[in-house]
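A quick write-up on the structure given underneath.
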Amino acid sequence: MHSKGALNLLIDYGGDSSDEDNPGPGISVKRLHETEGEEFENSKKVKRLPVPNIFLSDDKTTESFDDPLLHSGKLRTFPHERGNWATYVYIPYEENEGINELIDVIRKCTHDVDIKKTDNFHISLTKTIVLKHHWISLFANSIRTKMACIKKFMILFDSLKVYCNEERTRTFIGLQIKTGYDSLLKLVESLDKCLSEFNLPPFYENPSFHMSIAWCVGDFEEELKSLLPQLNRQLHELMDDFSQENWYIYVQYLLCKTGNKYFQFYLT
Ligand code: AMP
């Protein structure tokens with residue numbers, strides 16, 4: 001129940017947008033009044049109030065609420081700001097039986113750590129950078145031009161390695177590459193040039209190309225590193241059991257994810 005005499009706003013998202021007074025698309029604001037504990041709508045004299053600032057504001061500093069429980073405990077490493085799009089470029093990879101079996105093996109060997117399966121397998125070629133919305137198409141065009149000069153190539157995986165993010169809030173177990181390093185380096189050098197055009201940070205100075213397949217919240221680098229000899233032995237057994245297709249990628253294109261949009265760039 002509302003308190004006596006309270007003035008409330010009802011936000012009606014399906015509102016009649018044909019109404020000329022309606023200040024925002026699809027949003028009509030009705031004035032409600034309450035008397036003697038009874039709520040009524042003064043429908044004859046519906047007055048239009050200005051749309052609350054939250055819907056109109058172009059305030060670039062508005063931060064959104066980030067609840068780690070909504071995304072498996074991952075912590076956002078930079079605040080979300082309106083108009084800024086989290087962006088990264090990568091080689092996508094479809095999951096397969098061999099890798100799923102490997103993740104099960106990792107889980108069995110790391111029973112003290114809450115290991116999660118990575119949800120979209122990929123090899124990162126840039127760090128996650130923040131792109132202004134109005135730069136997106138320029139950035140994509142710059143990548144497209146540069147990638148059109150690079151040849152398709154093959155990557156083979158051969159061992160596991162442990163990584164920690166820069167903030168040391170997450171630890172990853174990744175499949176390291178055995179072949180394809182020079183081609184990957186060429187991609188990164190070209191992408192670094194695109195990034196520098198927008199004053200954005202390059203990839204790691206000494207890139208260690210890998211595909212994360214499992215991860216956990218927190219810094220478990222030392223614990224997981226101590227298990228690597230055992231895990232790598234098991235990986236090589238699985239490599240004998242599962243066909244070679246489970247352990248390589250023929251790289252024909254890259255993807256760029258920016259916010260919820262994807263761009264695809266073909267190699268030649
Ligand atoms: P990714 O699977 O691409 O998200 O990478 C997992 C983590 O590895 C990232 O948070 C990176 O910060 C970290 N990482 C640490 N050192 C390196 C390196 N030399 N090359 C690539 N990634 C690295």
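Each chain in the structure tokens gets a letter, A, B and so on, in the order shown; residues start at 1 in every chain, and ligands are counted from 1 in the order they appear.
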
May I ask you to write as a VMD selection string all residues lying at most 9 Å from ligand 1, with only C-alpha atoms and all ligand atoms counted?
chain A and resid 90 118 121 to 128 162 to 174 203 to 215
